[in-house]
>>> print(open('my_file_22.pdb').read())   # PDB, C-alpha atoms, pLDDT in the B column
ATOM      1  CA  MET F   1     -16.425   1.470  11.263  1.00 60.00           C
ATOM      2  CA  GLY F   2     -12.848   1.220  10.011  1.00 76.00           C
ATOM      3  CA  LEU F   3     -11.564   1.255   6.464  1.00 85.00           C
ATOM      4  CA  SER F   4     -11.196  -2.547   6.450  1.00 79.00           C
ATOM      5  CA  ASP F   5     -14.849  -2.988   7.288  1.00 78.00           C
ATOM      6  CA  GLY F   6     -15.982  -0.893   4.358  1.00 78.00           C
ATOM      7  CA  LEU F   7     -13.323  -1.662   1.773  1.00 82.00           C
ATOM      8  CA  LEU F   8     -12.892  -5.372   2.257  1.00 82.00           C
ATOM      9  CA  ASN F   9     -16.513  -6.459   2.323  1.00 85.00           C
ATOM     10  CA  PRO F  10     -17.183  -9.355  -0.050  1.00 86.00           C
ATOM     11  CA  THR F  11     -18.738  -7.193  -2.770  1.00 86.00           C
ATOM     12  CA  LYS F  12     -15.748  -4.846  -2.981  1.00 89.00           C
ATOM     13  CA  LYS F  13     -12.718  -6.876  -1.888  1.00 91.00           C
ATOM     14  CA  ALA F  14     -11.658  -8.326  -5.260  1.00 92.00           C
ATOM     15  CA  MET F  15     -12.071  -4.951  -6.969  1.00 94.00           C
ATOM     16  CA  VAL F  16     -10.063  -3.157  -4.265  1.00 94.00           C
ATOM     17  CA  ILE F  17      -7.254  -5.722  -4.531  1.00 95.00           C
ATOM     18  CA  ASP F  18      -7.225  -5.478  -8.325  1.00 95.00           C
ATOM     19  CA  ASP F  19      -7.180  -1.676  -8.211  1.00 96.00           C
ATOM     20  CA  CYS F  20      -4.345  -1.711  -5.648  1.00 96.00           C
ATOM     21  CA  CYS F  21      -2.282  -3.964  -7.921  1.00 95.00           C
ATOM     22  CA  LYS F  22      -2.978  -1.661 -10.880  1.00 96.00           C
ATOM     23  CA  MET F  23      -1.997   1.342  -8.772  1.00 96.00           C
ATOM     24  CA  ILE F  24       1.297  -0.329  -7.823  1.00 94.00           C
ATOM     25  CA  GLU F  25       1.991  -1.139 -11.484  1.00 93.00           C
ATOM     26  CA  GLY F  26       1.199   2.471 -12.434  1.00 95.00           C
ATOM     27  CA  GLN F  27       3.483   3.833  -9.758  1.00 94.00           C
ATOM     28  CA  LEU F  28       6.309   1.584 -10.956  1.00 92.00           C
ATOM     29  CA  ALA F  29       5.763   2.577 -14.579  1.00 92.00           C
ATOM     30  CA  SER F  30       6.146   6.236 -13.631  1.00 93.00           C
ATOM     31  CA  LYS F  31       9.584   5.703 -12.067  1.00 91.00           C
ATOM     32  CA  SER F  32      12.689   6.527 -14.063  1.00 90.00           C
ATOM     33  CA  GLY F  33      16.435   6.679 -13.598  1.00 90.00           C
ATOM     34  CA  MET F  34      18.533   4.303 -11.562  1.00 88.00           C
ATOM     35  CA  SER F  35      16.106   4.158  -8.640  1.00 84.00           C
ATOM     36  CA  GLY F  36      13.251   3.420 -11.036  1.00 85.00           C
ATOM     37  CA  LEU F  37      15.253   0.645 -12.641  1.00 88.00           C
ATOM     38  CA  ALA F  38      16.069  -0.804  -9.221  1.00 85.00           C
ATOM     39  CA  LEU F  39      12.405  -0.768  -8.214  1.00 86.00           C
ATOM     40  CA  LYS F  40      11.281  -2.359 -11.474  1.00 90.00           C
ATOM     41  CA  THR F  41      13.929  -5.067 -11.190  1.00 88.00           C
ATOM     42  CA  ALA F  42      12.977  -5.803  -7.589  1.00 84.00           C
ATOM     43  CA  PHE F  43       9.294  -5.947  -8.482  1.00 86.00           C
ATOM     44  CA  ALA F  44      10.016  -8.353 -11.334  1.00 88.00           C
ATOM     45  CA  ALA F  45      11.927 -10.577  -8.912  1.00 83.00           C
ATOM     46  CA  LEU F  46       9.029 -10.590  -6.467  1.00 80.00           C
ATOM     47  CA  LYS F  47       6.534 -11.363  -9.233  1.00 86.00           C
ATOM     48  CA  GLY F  48       8.716 -14.345 -10.053  1.00 83.00           C
ATOM     49  CA  VAL F  49       8.336 -15.867  -6.589  1.00 80.00           C
ATOM     50  CA  LYS F  50       5.142 -17.567  -7.799  1.00 83.00           C
ATOM     51  CA  PRO F  51       2.232 -16.723 -10.090  1.00 85.00           C
ATOM     52  CA  GLY F  52      -0.135 -14.268  -8.412  1.00 90.00           C
ATOM     53  CA  TYR F  53       2.346 -13.482  -5.628  1.00 88.00           C
ATOM     54  CA  ILE F  54       1.788  -9.719  -5.700  1.00 91.00           C
ATOM     55  CA  SER F  55      -2.011  -9.922  -5.591  1.00 93.00           C
ATOM     56  CA  ASP F  56      -1.778 -12.551  -2.833  1.00 93.00           C
ATOM     57  CA  VAL F  57       0.425 -10.267  -0.750  1.00 91.00           C
ATOM     58  CA  VAL F  58      -1.848  -7.279  -1.385  1.00 94.00           C
ATOM     59  CA  GLU F  59      -4.836  -9.338  -0.269  1.00 94.00           C
ATOM     60  CA  GLN F  60      -3.023 -10.454   2.876  1.00 92.00           C
ATOM     61  CA  ILE F  61      -1.768  -7.040   3.981  1.00 93.00           C
ATOM     62  CA  LEU F  62      -4.715  -4.820   3.049  1.00 94.00           C
ATOM     63  CA  PRO F  63      -6.586  -5.400   6.312  1.00 93.00           C
ATOM     64  CA  GLN F  64      -3.506  -4.375   8.325  1.00 94.00           C
ATOM     65  CA  CYS F  65      -2.845  -1.421   6.001  1.00 95.00           C
ATOM     66  CA  PHE F  66      -6.383  -0.143   6.376  1.00 94.00           C
ATOM     67  CA  THR F  67      -6.213  -0.627  10.150  1.00 94.00           C
ATOM     68  CA  ALA F  68      -2.940   1.326  10.198  1.00 96.00           C
ATOM     69  CA  LEU F  69      -4.589   4.101   8.169  1.00 95.00           C
ATOM     70  CA  ASP F  70      -7.657   4.297  10.409  1.00 93.00           C
ATOM     71  CA  PRO F  71      -6.198   6.963  12.757  1.00 94.00           C
ATOM     72  CA  VAL F  72      -5.299   9.375   9.945  1.00 94.00           C
ATOM     73  CA  TRP F  73      -8.551   8.531   8.152  1.00 92.00           C
ATOM     74  CA  ASN F  74     -10.571   9.262  11.313  1.00 92.00           C
ATOM     75  CA  GLU F  75      -8.748  12.583  11.760  1.00 94.00           C
ATOM     76  CA  GLY F  76      -9.742  13.420   8.203  1.00 93.00           C
ATOM     77  CA  VAL F  77     -13.363  12.452   8.852  1.00 91.00           C
ATOM     78  CA  GLU F  78     -13.377  14.834  11.823  1.00 94.00           C
ATOM     79  CA  LYS F  79     -11.949  17.604   9.604  1.00 95.00           C
ATOM     80  CA  GLY F  80     -14.482  16.917   6.863  1.00 93.00           C
ATOM     81  CA  ASP F  81     -12.351  15.380   4.083  1.00 93.00           C
ATOM     82  CA  PRO F  82     -10.496  12.161   4.884  1.00 92.00           C
ATOM     83  CA  ILE F  83      -9.305  11.680   1.295  1.00 92.00           C
ATOM     84  CA  GLU F  84      -7.623  15.091   1.226  1.00 95.00           C
ATOM     85  CA  HIS F  85      -6.311  14.513   4.745  1.00 96.00           C
ATOM     86  CA  LEU F  86      -4.501  11.317   3.647  1.00 94.00           C
ATOM     87  CA  SER F  87      -2.812  13.223   0.826  1.00 94.00           C
ATOM     88  CA  THR F  88      -1.985  16.261   2.914  1.00 95.00           C
ATOM     89  CA  ASN F  89      -0.421  14.043   5.569  1.00 96.00           C
ATOM     90  CA  ARG F  90       1.635  11.897   3.189  1.00 96.00           C
ATOM     91  CA  SER F  91       4.483  11.374   5.626  1.00 96.00           C
ATOM     92  CA  TYR F  92       2.217  10.122   8.389  1.00 95.00           C
ATOM     93  CA  THR F  93       0.273   7.977   5.912  1.00 96.00           C
ATOM     94  CA  ALA F  94       3.494   6.485   4.490  1.00 96.00           C
ATOM     95  CA  ASP F  95       4.808   5.712   7.984  1.00 96.00           C
ATOM     96  CA  ALA F  96       1.559   3.911   8.823  1.00 96.00           C
ATOM     97  CA  LEU F  97       1.748   1.787   5.669  1.00 96.00           C
ATOM     98  CA  LEU F  98       5.450   1.035   6.035  1.00 95.00           C
ATOM     99  CA  SER F  99       4.940  -0.116   9.621  1.00 96.00           C
ATOM    100  CA  VAL F 100       2.791  -2.905   8.177  1.00 95.00           C
ATOM    101  CA  THR F 101       5.304  -3.982   5.550  1.00 93.00           C
ATOM    102  CA  ASP F 102       8.218  -3.704   7.985  1.00 94.00           C
ATOM    103  CA  ALA F 103       6.451  -6.061  10.402  1.00 93.00           C
ATOM    104  CA  ARG F 104       5.535  -8.481   7.632  1.00 91.00           C
ATOM    105  CA  VAL F 105       9.067  -8.678   6.241  1.00 91.00           C
ATOM    106  CA  LYS F 106      10.436  -9.516   9.689  1.00 91.00           C
ATOM    107  CA  LYS F 107       8.267 -12.658   9.643  1.00 90.00           C
ATOM    108  CA  THR F 108       8.918 -13.822   6.086  1.00 86.00           C
ATOM    109  CA  LYS F 109      10.899 -16.960   5.441  1.00 86.00           C
ATOM    110  CA  ARG F 110      11.470 -16.073   1.769  1.00 84.00           C
ATOM    111  CA  GLN F 111      15.001 -14.719   1.531  1.00 87.00           C
ATOM    112  CA  ILE F 112      14.365 -13.079  -1.859  1.00 82.00           C
ATOM    113  CA  VAL F 113      11.506 -11.082  -0.336  1.00 82.00           C
ATOM    114  CA  ARG F 114      13.484 -10.061   2.753  1.00 88.00           C
ATOM    115  CA  GLY F 115      16.633  -9.202   0.795  1.00 86.00           C
ATOM    116  CA  THR F 116      14.780  -7.209  -1.832  1.00 83.00           C
ATOM    117  CA  TYR F 117      12.844  -5.256   0.777  1.00 86.00           C
ATOM    118  CA  GLU F 118      15.907  -4.517   2.875  1.00 87.00           C
ATOM    119  CA  LYS F 119      17.808  -3.213  -0.169  1.00 85.00           C
ATOM    120  CA  LEU F 120      15.026  -0.804  -1.063  1.00 83.00           C
ATOM    121  CA  ARG F 121      13.700   0.130   2.381  1.00 88.00           C
ATOM    122  CA  GLY F 122      15.883   3.253   2.637  1.00 85.00           C
ATOM    123  CA  SER F 123      14.093   4.930  -0.272  1.00 86.00           C
ATOM    124  CA  ALA F 124      10.685   3.354   0.357  1.00 89.00           C
ATOM    125  CA  LYS F 125       9.147   6.228   2.297  1.00 92.00           C
ATOM    126  CA  LYS F 126       9.705   8.672  -0.554  1.00 93.00           C
ATOM    127  CA  HIS F 127       8.049   6.293  -3.016  1.00 92.00           C
ATOM    128  CA  VAL F 128       5.140   5.535  -0.709  1.00 95.00           C
ATOM    129  CA  GLU F 129       4.587   9.257  -0.089  1.00 96.00           C
ATOM    130  CA  GLU F 130       4.449   9.787  -3.862  1.00 95.00           C
ATOM    131  CA  ALA F 131       1.795   7.056  -4.123  1.00 96.00           C
ATOM    132  CA  VAL F 132      -0.449   8.371  -1.338  1.00 97.00           C
ATOM    133  CA  PRO F 133      -2.592  10.623  -3.584  1.00 95.00           C
ATOM    134  CA  ASP F 134      -3.304   7.659  -5.881  1.00 96.00           C
ATOM    135  CA  LEU F 135      -4.131   5.499  -2.867  1.00 96.00           C
ATOM    136  CA  ALA F 136      -6.432   8.226  -1.553  1.00 94.00           C
ATOM    137  CA  LYS F 137      -8.222   8.343  -4.924  1.00 92.00           C
ATOM    138  CA  LEU F 138      -8.557   4.558  -4.884  1.00 94.00           C
ATOM    139  CA  ILE F 139     -10.070   4.681  -1.404  1.00 93.00           C
ATOM    140  CA  SER F 140     -12.437   7.447  -2.480  1.00 89.00           C
ATOM    141  CA  ASN F 141     -13.720   5.196  -5.273  1.00 89.00           C
ATOM    142  CA  TYR F 142     -14.976   2.729  -2.673  1.00 88.00           C
ATOM    143  CA  THR F 143     -16.079   4.937   0.207  1.00 85.00           C
ATOM    144  CA  GLN F 144     -18.783   7.474   0.626  1.00 66.00           C
ATOM    145  CA  VAL F 145     -17.371  10.434   2.480  1.00 46.00           C
TER     146      VAL F 145
END
>>> encode(input="my_file_22.pdb", output="structure tokens")
Amino acid sequence: MGLSDGLLNPTKKAMVIDDCCKMIEGQLASKSGMSGLALKTAFAALKGVKPGYISDVVEQILPQCFTALDPVWNEGVEKGDPIEHLSTNRSYTADALLSVTDARVKKTKRQIVRGTYEKLRGSAKKHVEEAVPDLAKLISNYTQV
């Protein structure tokens, strides 16, 4: 069973999406300096695309994100602690997640989404790596390992 099967079942899906959105907001709030300001501005622009845009996108990409994380998750299961394994392998985890967003942006017709993503993509891996421990904790809240 993959992460999508367990985390996106009907009884958990809305809570997982809500917690992911809260995690993203928390990560943004923790950013400072010029790069933090750039991220916050970009996020505000994306939120302005339409009401609920961020949660809609999270809902749409979570299945692919969890599928992309399955290999590192399964390695962690074999080693006895998949949550710790995600955090320990932040670079690999970030690459898996960014492969999903990279593919999605290539297909988008919304120029504001594509332009915003392309401007920030160079620093994205660092930010995603910083978020991996919070993502791992979120996953641990919904899985029994």
>>> resolve_selection(input="my_file_22.pdb", expression="the PyMOL selection byres ((chain F and resi 35-43) around 10)", output="list in words")
Ile24, Glu25, Gln27, Leu28, Ala29, Ser30, Lys31, Ser32, Gly33, Met34, Ala44, Ala45, Leu46, Lys47, Gly48, Ile54, Ile112, Val113, Gly115, Thr116, Tyr117, Lys119, Leu120, Ser123, Ala124 and His127 of chain F
>>> closest_residue(input="my_file_22.pdb", among="F:Ser99, F:Tyr53, F:Thr11, F:Asn89", to="Glu75 in chain F", atoms="only C-alpha atoms")
F:Asn89
>>> residues_around(input="my_file_22.pdb", residues="Ile61 in chain F", least_positions_apart="6", cutoff="12 Å", atoms="all atoms listed in the file", output="ChimeraX atom specification")
/F:4,8,17,20,54-55,67-68,97-105
>>> residues_around(input="my_file_22.pdb", residues="range 13-16 of chain F", least_positions_apart="4", cutoff="10 Å", atoms="all atoms listed in the file", output="PyMOL selection string")
chain F and resi 4+6-9+20-22+55+58-59+62+138-139+141-142
>>> atom_distance(input="my_file_22.pdb", atom1="CA of Arg90 in chain F", atom2="CA of Arg114 in chain F")
25.0 Å
>>> closest_residue(input="my_file_22.pdb", among="F:Pro51, F:Asp56, F:Val132, F:Cys65", to="Asp18 in chain F", atoms="only C-alpha atoms")
F:Asp56
>>> closest_residue(input="my_file_22.pdb", among="F:Lys50, F:Met23, F:Asp81, F:Trp73", to="Val128 in chain F", atoms="only C-alpha atoms")
F:Met23
>>> closest_residue(input="my_file_22.pdb", among="F:Asp19, F:Thr93, F:Thr143, F:Lys126", to="Asp70 in chain F", atoms="only C-alpha atoms")
F:Thr93
>>> atom_distance(input="my_file_22.pdb", atom1="CA of Ser91 in chain F", atom2="CA of Lys125 in chain F")
7.7 Å
>>> resolve_selection(input="my_file_22.pdb", expression="the PyMOL selection byres ((chain F and resi 136) around 8)", output="count of residues only")
12
>>> atom_distance(input="my_file_22.pdb", atom1="CA of Lys79 in chain F", atom2="CA of Asp5 in chain F")
20.9 Å
